[in-house]
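Heads up, the thing below is written out as C-alpha cells.
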Amino acid sequence: MPDRLVSSTATIAPSLHDASPILHRNAPHPTLHAALFPNARFHDFWAIYKGDTWASRRAEGFELSPSIKLIETPGHTPQDITTLVTTREGVTAFTHLWWTAEGPDVDPFATDMAAIRAGRERVLEVATLIVPGHGAPFTAGAKTGG
C-alpha cells in the first residue's frame, strides 16, 4: 500500500510531495501516511509541519499558493479545514463538510452541526465542485446545502 500511494500521488498529484493539507484530525484517517512524504509540508488548522519542526499559524485565509487557500470549517471536528483550489473551471473545495453527495444531511459524528451548516453555506458561496470526505466529487448546488 505505501509504495502504491507514493507512486500514484507522484503521477496524479505531484504537489502532494511538496505540501498537503490535513483536513481534520481523526484516528481512522490516514494521516500517518504523511511519513511517506519526507520533504512535504503539512498544513492543518493551527500550523505548518515539515520534518520535526512546525510553524504556528491559523489556517483561516492562509494561501499555499496564489490558487490554493485554506479556510477553517469546524463542525465534524473542531479542527476541520477546507482547501479551496481555484482553476479555470472554478473553485474546488476539498472538505469534510459533506460525506458524499447523497448525504447524510446530518453528520452522525459532528461535534457542532450548526457549524457544519454555516460552513456549507460559506463554501457554497464560492465553490463550483465539492470533493467530500468520503465520496466522489460533485457539483455544488441547492441540494448540497444540508
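Residue numbering restarts at 1 for every chain of the C-alpha cells, chains are lettered A, B, ... in their displayed order, and ligands are numbered from 1 as they appear.
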A:Ser56 surroundings by only C-alpha atoms, 7 Å radius, close-in-sequence under 2 positions cut, as a list in words: Trp46, Ala47, Ile48 and Trp54 of chain A
Please list as a CSV table (one decimal) with all heavy atoms, in the first residue's frame every residue within 12 Å of A:Thr73, counting only C-alpha atoms and excluding residues in the same chain fewer than 2 positions away.
chain,number,residue,atom,x,y,z
A,23,LEU,N,-7.2,17.8,6.4
A,23,LEU,CA,-8.5,18.4,6.5
A,23,LEU,C,-9.0,18.3,8.0
A,23,LEU,O,-9.7,19.2,8.4
A,23,LEU,CB,-9.5,17.8,5.6
A,23,LEU,CG,-9.2,18.0,4.1
A,23,LEU,CD1,-10.2,17.3,3.2
A,23,LEU,CD2,-9.0,19.4,3.7
A,24,HIS,N,-8.7,17.3,8.6
A,24,HIS,CA,-9.1,17.2,10.1
A,24,HIS,C,-8.3,16.0,10.7
A,24,HIS,O,-7.8,15.1,10.0
A,24,HIS,CB,-10.6,17.0,10.3
A,24,HIS,CG,-11.2,15.7,9.9
A,24,HIS,ND1,-11.5,15.5,8.6
A,24,HIS,CD2,-11.4,14.6,10.6
A,24,HIS,CE1,-12.0,14.3,8.5
A,24,HIS,NE2,-12.0,13.7,9.7
A,44,ASP,N,-2.4,22.1,8.8
A,44,ASP,CA,-3.6,21.8,9.5
A,44,ASP,C,-4.2,23.1,10.0
A,44,ASP,O,-3.8,24.2,9.6
A,44,ASP,CB,-3.5,20.7,10.5
A,44,ASP,CG,-2.8,21.1,11.8
A,44,ASP,OD1,-2.4,22.3,12.0
A,44,ASP,OD2,-2.6,20.2,12.7
A,45,PHE,N,-5.1,23.1,11.0
A,45,PHE,CA,-5.8,24.2,11.4
A,45,PHE,C,-4.9,25.2,12.2
A,45,PHE,O,-5.3,26.4,12.3
A,45,PHE,CB,-7.0,23.8,12.3
A,45,PHE,CG,-6.6,23.4,13.7
A,45,PHE,CD1,-6.8,24.2,14.8
A,45,PHE,CD2,-6.1,22.1,13.9
A,45,PHE,CE1,-6.5,23.8,16.1
A,45,PHE,CE2,-5.7,21.7,15.1
A,45,PHE,CZ,-5.9,22.5,16.2
A,59,ALA,N,-5.2,28.6,10.1
A,59,ALA,CA,-5.4,28.2,8.7
A,59,ALA,C,-6.3,29.2,7.9
A,59,ALA,O,-6.1,29.3,6.7
A,59,ALA,CB,-6.2,26.8,8.7
A,60,GLU,N,-7.1,29.9,8.7
A,60,GLU,CA,-8.1,30.8,8.0
A,60,GLU,C,-7.4,31.8,7.1
A,60,GLU,O,-6.6,32.6,7.5
A,60,GLU,CB,-8.9,31.6,9.0
A,60,GLU,CG,-9.9,32.5,8.5
A,60,GLU,CD,-11.0,31.7,7.6
A,60,GLU,OE1,-11.4,30.6,8.0
A,60,GLU,OE2,-11.3,32.3,6.5
A,61,GLY,N,-7.7,31.7,5.8
A,61,GLY,CA,-7.1,32.6,4.8
A,61,GLY,C,-5.7,32.3,4.4
A,61,GLY,O,-5.2,33.0,3.5
A,70,LEU,N,-6.6,28.0,2.4
A,70,LEU,CA,-7.2,27.2,3.5
A,70,LEU,C,-8.3,28.1,4.2
A,70,LEU,O,-8.0,29.3,4.3
A,70,LEU,CB,-6.2,26.8,4.5
A,70,LEU,CG,-5.0,26.0,3.9
A,70,LEU,CD1,-4.0,25.7,5.1
A,70,LEU,CD2,-5.5,24.7,3.3
A,71,ILE,N,-9.4,27.5,4.6
A,71,ILE,CA,-10.3,28.2,5.4
A,71,ILE,C,-10.7,27.2,6.6
A,71,ILE,O,-10.7,26.0,6.4
A,71,ILE,CB,-11.6,28.7,4.7
A,71,ILE,CG1,-12.4,27.6,4.0
A,71,ILE,CG2,-11.2,29.8,3.7
A,71,ILE,CD1,-13.7,28.0,3.5
A,75,GLY,N,-16.8,21.6,12.7
A,75,GLY,CA,-18.1,21.0,12.7
A,75,GLY,C,-18.0,19.5,12.9
A,75,GLY,O,-18.5,18.9,13.8
A,76,HIS,N,-17.4,18.9,11.9
A,76,HIS,CA,-17.2,17.4,12.0
A,76,HIS,C,-16.2,17.2,13.2
A,76,HIS,O,-16.4,16.3,14.0
A,76,HIS,CB,-16.6,16.9,10.7
A,76,HIS,CG,-16.4,15.4,10.8
A,76,HIS,ND1,-17.4,14.5,10.8
A,76,HIS,CD2,-15.2,14.7,10.8
A,76,HIS,CE1,-16.9,13.2,10.8
A,76,HIS,NE2,-15.6,13.3,10.8
A,77,THR,N,-15.1,18.0,13.2
A,77,THR,CA,-14.3,18.1,14.4
A,77,THR,C,-14.1,19.6,14.6
A,77,THR,O,-14.2,20.4,13.6
A,77,THR,CB,-12.9,17.4,14.3
A,77,THR,OG1,-12.1,18.1,13.3
A,77,THR,CG2,-13.1,15.9,13.8
A,78,PRO,N,-13.6,20.0,15.8
A,78,PRO,CA,-13.4,21.5,15.9
A,78,PRO,C,-12.2,22.0,15.1
A,78,PRO,O,-12.1,23.1,14.9
A,78,PRO,CB,-13.1,21.6,17.4
A,78,PRO,CG,-13.7,20.4,18.1
A,78,PRO,CD,-13.6,19.3,17.0
A,79,GLN,N,-11.4,21.0,14.6
A,79,GLN,CA,-10.2,21.4,13.9
A,79,GLN,C,-10.3,21.3,12.4
A,79,GLN,O,-9.3,21.4,11.7
A,79,GLN,CB,-9.0,20.6,14.3
A,79,GLN,CG,-8.7,20.6,15.8
A,79,GLN,CD,-9.5,19.7,16.6
A,79,GLN,OE1,-10.1,18.7,16.1
A,79,GLN,NE2,-9.6,19.9,17.9
A,80,ASP,N,-11.5,21.1,11.8
A,80,ASP,CA,-11.6,20.9,10.4
A,80,ASP,C,-11.2,22.1,9.6
A,80,ASP,O,-11.5,23.3,10.0
A,80,ASP,CB,-13.0,20.5,10.0
A,80,ASP,CG,-13.4,19.1,10.2
A,80,ASP,OD1,-12.6,18.4,11.0
A,80,ASP,OD2,-14.4,18.6,9.7
A,81,ILE,N,-10.6,21.9,8.4
A,81,ILE,CA,-10.3,23.0,7.5
A,81,ILE,C,-10.8,22.5,6.1
A,81,ILE,O,-11.0,21.3,5.9
A,81,ILE,CB,-8.8,23.3,7.4
A,81,ILE,CG1,-8.0,22.2,7.0
A,81,ILE,CG2,-8.4,23.9,8.7
A,81,ILE,CD1,-6.5,22.5,6.7
A,82,THR,N,-11.0,23.4,5.2
A,82,THR,CA,-11.4,23.2,3.8
A,82,THR,C,-10.3,23.8,3.0
A,82,THR,O,-9.8,24.9,3.3
A,82,THR,CB,-12.7,23.8,3.5
A,82,THR,OG1,-13.7,23.1,4.2
A,82,THR,CG2,-13.1,23.7,2.0
A,83,THR,N,-9.9,23.1,1.9
A,83,THR,CA,-8.9,23.6,1.0
A,83,THR,C,-9.6,24.0,-0.3
A,83,THR,O,-10.4,23.2,-0.9
A,83,THR,CB,-7.9,22.5,0.6
A,83,THR,OG1,-7.3,22.0,1.9
A,83,THR,CG2,-6.8,23.0,-0.3
A,84,LEU,N,-9.5,25.3,-0.6
A,84,LEU,CA,-10.1,25.9,-1.8
A,84,LEU,C,-9.1,26.0,-2.9
A,84,LEU,O,-8.0,26.6,-2.7
A,84,LEU,CB,-10.7,27.2,-1.5
A,84,LEU,CG,-11.8,27.3,-0.4
A,84,LEU,CD1,-12.2,28.7,-0.1
A,84,LEU,CD2,-13.0,26.4,-0.8
A,93,ALA,N,-13.6,22.7,-3.7
A,93,ALA,CA,-13.5,22.6,-2.2
A,93,ALA,C,-13.2,21.2,-1.8
A,93,ALA,O,-14.0,20.3,-2.1
A,93,ALA,CB,-14.7,23.2,-1.5
A,94,PHE,N,-12.1,21.0,-1.1
A,94,PHE,CA,-11.8,19.7,-0.5
A,94,PHE,C,-12.1,19.8,0.9
A,94,PHE,O,-11.5,20.6,1.6
A,94,PHE,CB,-10.3,19.4,-0.7
A,94,PHE,CG,-9.9,19.2,-2.1
A,94,PHE,CD1,-9.5,20.2,-2.9
A,94,PHE,CD2,-9.8,17.9,-2.7
A,94,PHE,CE1,-9.1,20.1,-4.2
A,94,PHE,CE2,-9.5,17.7,-4.0
A,94,PHE,CZ,-9.1,18.8,-4.8
A,95,THR,N,-13.2,19.0,1.4
A,95,THR,CA,-13.8,19.3,2.7
A,95,THR,C,-14.4,18.1,3.3
A,95,THR,O,-14.7,17.1,2.6
A,95,THR,CB,-14.8,20.4,2.5
A,95,THR,OG1,-15.3,20.8,3.8
A,95,THR,CG2,-16.0,20.0,1.6
A,96,HIS,N,-14.6,18.2,4.6
A,96,HIS,CA,-15.4,17.2,5.3
A,96,HIS,C,-16.7,17.7,5.8
A,96,HIS,O,-17.4,17.2,6.6
A,96,HIS,CB,-14.6,16.6,6.5
A,96,HIS,CG,-14.9,15.2,6.8
A,96,HIS,ND1,-16.2,14.8,7.2
A,96,HIS,CD2,-14.2,14.1,6.8
A,96,HIS,CE1,-16.2,13.5,7.4
A,96,HIS,NE2,-15.0,13.0,7.1
A,97,LEU,N,-17.1,18.8,5.2
A,97,LEU,CA,-18.5,19.3,5.5
A,97,LEU,C,-19.6,18.4,4.9
A,97,LEU,O,-20.7,18.5,5.4
A,97,LEU,CB,-18.6,20.7,4.9
A,97,LEU,CG,-17.8,21.8,5.6
A,97,LEU,CD1,-17.7,23.1,4.7
A,97,LEU,CD2,-18.2,22.1,7.0
A,98,TRP,N,-19.3,17.6,3.9
A,98,TRP,CA,-20.2,16.6,3.4
A,98,TRP,C,-19.4,15.3,3.4
A,98,TRP,O,-18.2,15.3,3.2
A,98,TRP,CB,-20.5,17.0,1.9
A,98,TRP,CG,-21.4,18.2,1.7
A,98,TRP,CD1,-22.7,18.2,1.6
A,98,TRP,CD2,-20.9,19.5,1.5
A,98,TRP,NE1,-23.2,19.5,1.4
A,98,TRP,CE2,-22.1,20.3,1.4
A,98,TRP,CE3,-19.7,20.1,1.5
A,98,TRP,CZ2,-22.1,21.7,1.2
A,98,TRP,CZ3,-19.6,21.5,1.3
A,98,TRP,CH2,-20.8,22.3,1.1
A,110,ALA,N,-20.7,14.6,14.1
A,110,ALA,CA,-20.4,16.0,14.2
A,110,ALA,C,-20.3,16.5,15.6
A,110,ALA,O,-21.0,16.0,16.5
A,110,ALA,CB,-21.5,16.8,13.5
A,111,THR,N,-19.3,17.3,15.9
A,111,THR,CA,-19.2,18.0,17.2
A,111,THR,C,-20.0,19.2,17.2
A,111,THR,O,-20.3,19.7,18.3
A,111,THR,CB,-17.7,18.3,17.5
A,111,THR,OG1,-17.2,19.2,16.4
A,111,THR,CG2,-16.8,17.1,17.5
A,112,ASP,N,-20.4,19.8,16.0
A,112,ASP,CA,-21.2,21.0,16.0
A,112,ASP,C,-21.9,21.1,14.7
A,112,ASP,O,-21.4,21.6,13.7
A,112,ASP,CB,-20.2,22.2,16.2
A,112,ASP,CG,-21.0,23.5,16.3
A,112,ASP,OD1,-22.2,23.6,16.0
A,112,ASP,OD2,-20.3,24.5,16.8
A,113,MET,N,-23.1,20.6,14.6
A,113,MET,CA,-23.9,20.6,13.4
A,113,MET,C,-24.2,22.0,12.9
A,113,MET,O,-24.2,22.2,11.7
A,113,MET,CB,-25.2,19.8,13.6
A,113,MET,CG,-25.8,19.3,12.3
A,113,MET,SD,-24.7,18.3,11.3
A,113,MET,CE,-25.2,18.9,9.6
A,114,ALA,N,-24.4,22.9,13.8
A,114,ALA,CA,-24.7,24.3,13.4
A,114,ALA,C,-23.5,24.9,12.6
A,114,ALA,O,-23.6,25.6,11.6
A,114,ALA,CB,-25.1,25.2,14.6
A,115,ALA,N,-22.3,24.5,13.1
A,115,ALA,CA,-21.1,25.0,12.4
A,115,ALA,C,-20.9,24.3,11.1
A,115,ALA,O,-20.5,25.0,10.1
A,115,ALA,CB,-19.8,24.7,13.3
A,116,ILE,N,-21.3,23.1,10.9
A,116,ILE,CA,-21.3,22.4,9.6
A,116,ILE,C,-22.2,23.2,8.7
A,116,ILE,O,-21.8,23.4,7.5
A,116,ILE,CB,-21.6,20.9,9.7
A,116,ILE,CG1,-20.5,20.2,10.4
A,116,ILE,CG2,-22.0,20.4,8.3
A,116,ILE,CD1,-20.7,18.7,10.5
A,117,ARG,N,-23.4,23.5,9.1
A,117,ARG,CA,-24.3,24.2,8.2
A,117,ARG,C,-23.8,25.5,7.8
A,117,ARG,O,-23.9,25.9,6.6
A,117,ARG,CB,-25.7,24.3,8.9
A,117,ARG,CG,-26.4,23.0,8.9
A,117,ARG,CD,-27.9,23.1,9.4
A,117,ARG,NE,-28.5,21.9,9.4
A,117,ARG,CZ,-28.7,21.1,10.5
A,117,ARG,NH1,-28.2,21.5,11.7
A,117,ARG,NH2,-29.3,19.9,10.4
A,118,ALA,N,-23.2,26.2,8.7
A,118,ALA,CA,-22.6,27.6,8.4
A,118,ALA,C,-21.4,27.4,7.4
A,118,ALA,O,-21.3,28.2,6.5
A,118,ALA,CB,-22.2,28.3,9.7
A,119,GLY,N,-20.6,26.4,7.7
A,119,GLY,CA,-19.5,26.1,6.8
A,119,GLY,C,-20.0,25.7,5.4
A,119,GLY,O,-19.4,26.2,4.4
A,120,ARG,N,-21.0,24.9,5.3
A,120,ARG,CA,-21.6,24.5,4.0
A,120,ARG,C,-22.0,25.8,3.2
A,120,ARG,O,-21.7,25.9,2.0
A,120,ARG,CB,-22.7,23.6,4.1
A,120,ARG,CG,-22.3,22.2,4.5
A,120,ARG,CD,-23.5,21.3,4.8
A,120,ARG,NE,-23.1,19.9,5.1
A,120,ARG,CZ,-23.9,19.0,5.6
A,120,ARG,NH1,-25.2,19.3,5.7
A,120,ARG,NH2,-23.5,17.8,5.9
A,121,GLU,N,-22.7,26.7,3.9
A,121,GLU,CA,-23.2,27.9,3.2
A,121,GLU,C,-22.0,28.7,2.7
A,121,GLU,O,-22.0,29.2,1.6
A,121,GLU,CB,-24.0,28.7,4.2
A,121,GLU,CG,-25.4,28.2,4.5
A,121,GLU,CD,-26.2,29.0,5.5
A,121,GLU,OE1,-25.9,30.2,5.6
A,121,GLU,OE2,-27.1,28.5,6.1
A,122,ARG,N,-21.0,28.8,3.6
A,122,ARG,CA,-19.8,29.6,3.2
A,122,ARG,C,-19.1,29.0,2.0
A,122,ARG,O,-18.7,29.7,1.1
A,122,ARG,CB,-18.9,29.6,4.4
A,122,ARG,CG,-17.6,30.4,4.2
A,122,ARG,CD,-16.8,30.4,5.5
A,122,ARG,NE,-15.6,31.2,5.2
A,122,ARG,CZ,-14.5,31.1,5.9
A,122,ARG,NH1,-14.4,30.3,6.8
A,122,ARG,NH2,-13.5,31.9,5.6
A,123,VAL,N,-18.9,27.7,2.0
A,123,VAL,CA,-18.3,27.0,0.9
A,123,VAL,C,-19.1,27.1,-0.4
A,123,VAL,O,-18.6,27.4,-1.5
A,123,VAL,CB,-18.0,25.5,1.2
A,123,VAL,CG1,-17.5,24.7,0.0
A,123,VAL,CG2,-16.9,25.5,2.3
Closest of A:Pro137, A:Glu72, A:Pro108, A:Thr87 to A:Arg58 - atom-to-atom distances counting only C-alpha atoms: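 Closest to A:Arg58, using only C-alpha atoms: A:Glu72.
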For A:Ala136: contacts at 8 Å, only C-alpha atoms, fewer than 4 positions along chain excluded, given as an MDAnalysis selection string: chainID A and resid 100:101 131:132
Generate a file of the selected residues that holds C-alpha atoms, formatted as a PDB file, in the first residue's frame.
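Dumped to out.pdb:
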ATOM      1  CA  THR A 100     -20.918  12.254  -0.042  1.00  0.00           C
ATOM      2  CA  ALA A 101     -23.256  13.970  -2.492  1.00  0.00           C
ATOM      3  CA  VAL A 131     -14.681  16.864  -3.053  1.00  0.00           C
ATOM      4  CA  PRO A 132     -16.255  15.420   0.107  1.00  0.00           C
TER       5      PRO A 132
END
Among the residues of stretch 33-139 of chain A, find those DSSP assigns to strand (DSSP E) from the backbone and print them as a compact mmCIF listing (two decimals) with N, CA, C and O atoms, in the first residue's frame.
# COMPACT_ATOMS: atom_id res chain seq x y z
N ARG A 41 5.49 19.66 3.22
CA ARG A 41 4.98 20.48 4.33
C ARG A 41 3.53 20.08 4.51
O ARG A 41 2.79 19.97 3.54
N PHE A 42 3.10 19.87 5.75
CA PHE A 42 1.73 19.51 6.03
C PHE A 42 1.05 20.65 6.77
O PHE A 42 1.64 21.25 7.67
N HIS A 43 -0.17 20.93 6.37
CA HIS A 43 -0.91 22.07 6.90
C HIS A 43 -2.14 21.56 7.63
O HIS A 43 -2.87 20.72 7.11
N ALA A 47 -1.05 25.04 12.22
CA ALA A 47 0.39 25.03 11.98
C ALA A 47 0.74 24.46 10.61
O ALA A 47 -0.09 23.89 9.92
N ILE A 48 2.02 24.65 10.27
CA ILE A 48 2.65 24.01 9.11
C ILE A 48 3.74 23.13 9.69
O ILE A 48 4.55 23.57 10.50
N TYR A 49 3.76 21.86 9.26
CA TYR A 49 4.74 20.90 9.74
C TYR A 49 5.66 20.48 8.61
O TYR A 49 5.21 20.22 7.51
N LYS A 50 6.93 20.40 8.89
CA LYS A 50 7.90 19.85 7.93
C LYS A 50 8.97 19.15 8.75
O LYS A 50 9.61 19.76 9.61
N THR A 53 9.78 19.91 12.64
CA THR A 53 9.53 21.29 13.06
C THR A 53 8.12 21.71 12.67
O THR A 53 7.51 21.12 11.77
N TRP A 54 7.64 22.74 13.35
CA TRP A 54 6.37 23.32 12.94
C TRP A 54 6.39 24.82 13.15
O TRP A 54 7.10 25.33 14.01
N ALA A 55 5.62 25.50 12.32
CA ALA A 55 5.44 26.95 12.43
C ALA A 55 3.98 27.19 12.73
O ALA A 55 3.10 26.79 11.96
N SER A 56 3.71 27.82 13.85
CA SER A 56 2.32 28.09 14.23
C SER A 56 1.72 29.17 13.34
O SER A 56 2.37 30.15 13.02
N GLU A 63 -2.68 31.11 2.35
CA GLU A 63 -2.50 30.73 0.95
C GLU A 63 -1.29 29.84 0.79
O GLU A 63 -0.17 30.25 1.10
N LEU A 64 -1.53 28.61 0.30
CA LEU A 64 -0.42 27.72 -0.02
C LEU A 64 0.23 28.16 -1.32
O LEU A 64 1.41 27.92 -1.54
N SER A 65 -0.56 28.77 -2.18
CA SER A 65 -0.10 29.34 -3.45
C SER A 65 -1.16 30.36 -3.85
O SER A 65 -2.21 30.44 -3.20
N ILE A 68 -4.41 28.32 -4.15
CA ILE A 68 -4.81 27.36 -3.12
C ILE A 68 -4.86 28.06 -1.77
O ILE A 68 -3.86 28.61 -1.30
N LYS A 69 -6.06 28.04 -1.16
CA LYS A 69 -6.27 28.76 0.10
C LYS A 69 -6.97 27.84 1.11
O LYS A 69 -7.82 27.03 0.74
N LEU A 70 -6.61 27.98 2.37
CA LEU A 70 -7.24 27.24 3.45
C LEU A 70 -8.25 28.12 4.17
O LEU A 70 -8.02 29.31 4.35
N ILE A 71 -9.37 27.51 4.56
CA ILE A 71 -10.33 28.20 5.44
C ILE A 71 -10.71 27.24 6.56
O ILE A 71 -10.71 26.03 6.38
N GLU A 72 -11.02 27.79 7.70
CA GLU A 72 -11.44 26.99 8.83
C GLU A 72 -12.93 26.69 8.73
O GLU A 72 -13.73 27.61 8.55
N ILE A 81 -10.59 21.89 8.45
CA ILE A 81 -10.32 22.95 7.48
C ILE A 81 -10.82 22.50 6.11
O ILE A 81 -11.01 21.31 5.87
N THR A 82 -11.02 23.45 5.23
CA THR A 82 -11.37 23.19 3.84
C THR A 82 -10.29 23.81 2.98
O THR A 82 -9.83 24.92 3.25
N THR A 83 -9.88 23.08 1.94
CA THR A 83 -8.89 23.59 0.99
C THR A 83 -9.63 24.04 -0.26
O THR A 83 -10.36 23.24 -0.87
N LEU A 84 -9.49 25.31 -0.63
CA LEU A 84 -10.12 25.86 -1.83
C LEU A 84 -9.07 26.00 -2.92
O LEU A 84 -8.03 26.64 -2.71
N VAL A 85 -9.34 25.39 -4.06
CA VAL A 85 -8.41 25.41 -5.19
C VAL A 85 -9.09 26.08 -6.36
O VAL A 85 -10.12 25.61 -6.84
N THR A 86 -8.51 27.17 -6.82
CA THR A 86 -9.07 27.91 -7.95
C THR A 86 -8.42 27.43 -9.24
O THR A 86 -7.18 27.40 -9.36
N THR A 87 -9.26 27.05 -10.22
CA THR A 87 -8.80 26.63 -11.54
C THR A 87 -9.56 27.44 -12.59
O THR A 87 -10.44 28.22 -12.25
N GLY A 90 -13.28 26.91 -12.19
CA GLY A 90 -13.97 27.40 -11.00
C GLY A 90 -13.19 27.04 -9.74
O GLY A 90 -12.00 26.77 -9.79
N VAL A 91 -13.89 27.02 -8.62
CA VAL A 91 -13.26 26.73 -7.33
C VAL A 91 -13.70 25.34 -6.87
O VAL A 91 -14.89 25.03 -6.84
N THR A 92 -12.72 24.51 -6.52
CA THR A 92 -12.97 23.19 -5.96
C THR A 92 -12.70 23.25 -4.47
O THR A 92 -11.68 23.78 -4.04
N ALA A 93 -13.63 22.68 -3.68
CA ALA A 93 -13.48 22.63 -2.23
C ALA A 93 -13.23 21.19 -1.80
O ALA A 93 -14.05 20.31 -2.07
N PHE A 94 -12.10 20.96 -1.15
CA PHE A 94 -11.77 19.67 -0.54
C PHE A 94 -12.15 19.81 0.93
O PHE A 94 -11.55 20.62 1.64
N LEU A 129 -17.27 22.95 -7.39
CA LEU A 129 -17.09 21.50 -7.27
C LEU A 129 -16.70 21.19 -5.83
O LEU A 129 -15.87 21.90 -5.25
N ILE A 130 -17.29 20.13 -5.28
CA ILE A 130 -17.01 19.73 -3.91
C ILE A 130 -16.40 18.33 -3.92
O ILE A 130 -16.95 17.42 -4.56
N VAL A 131 -15.28 18.18 -3.25
CA VAL A 131 -14.68 16.86 -3.05
C VAL A 131 -14.89 16.54 -1.57
O VAL A 131 -14.21 17.08 -0.71
N PHE A 138 -18.63 16.18 -6.51
CA PHE A 138 -19.94 16.51 -7.05
C PHE A 138 -20.05 18.01 -7.24
O PHE A 138 -19.34 18.79 -6.60
N THR A 139 -20.95 18.40 -8.13
CA THR A 139 -21.19 19.81 -8.43
C THR A 139 -22.01 20.43 -7.32
O THR A 139 -23.00 19.86 -6.86
Option closest in space to A:Glu102, from A:His134, A:Pro74, A:Thr128, A:Arg88 [counting only C-alpha atoms]: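 Once distances to A:Glu102 are computed over only C-alpha atoms, the minimum belongs to A:His134.
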Atom-to-atom span, atom CA of A:Gly51 and atom CA of A:Asn39, Å: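 Distance reported for this atom pair: 7.3 Å.
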Atom pair atom CA of A:Gly135 / atom CA of A:Pro38: separation (Å):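 Answer for the atom CA of A:Gly135 to atom CA of A:Pro38 separation: 27.5 Å.
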Atom CA of A:Trp99 to atom CA of A:Ser67, straight-line distance in Å: 24.4 Å
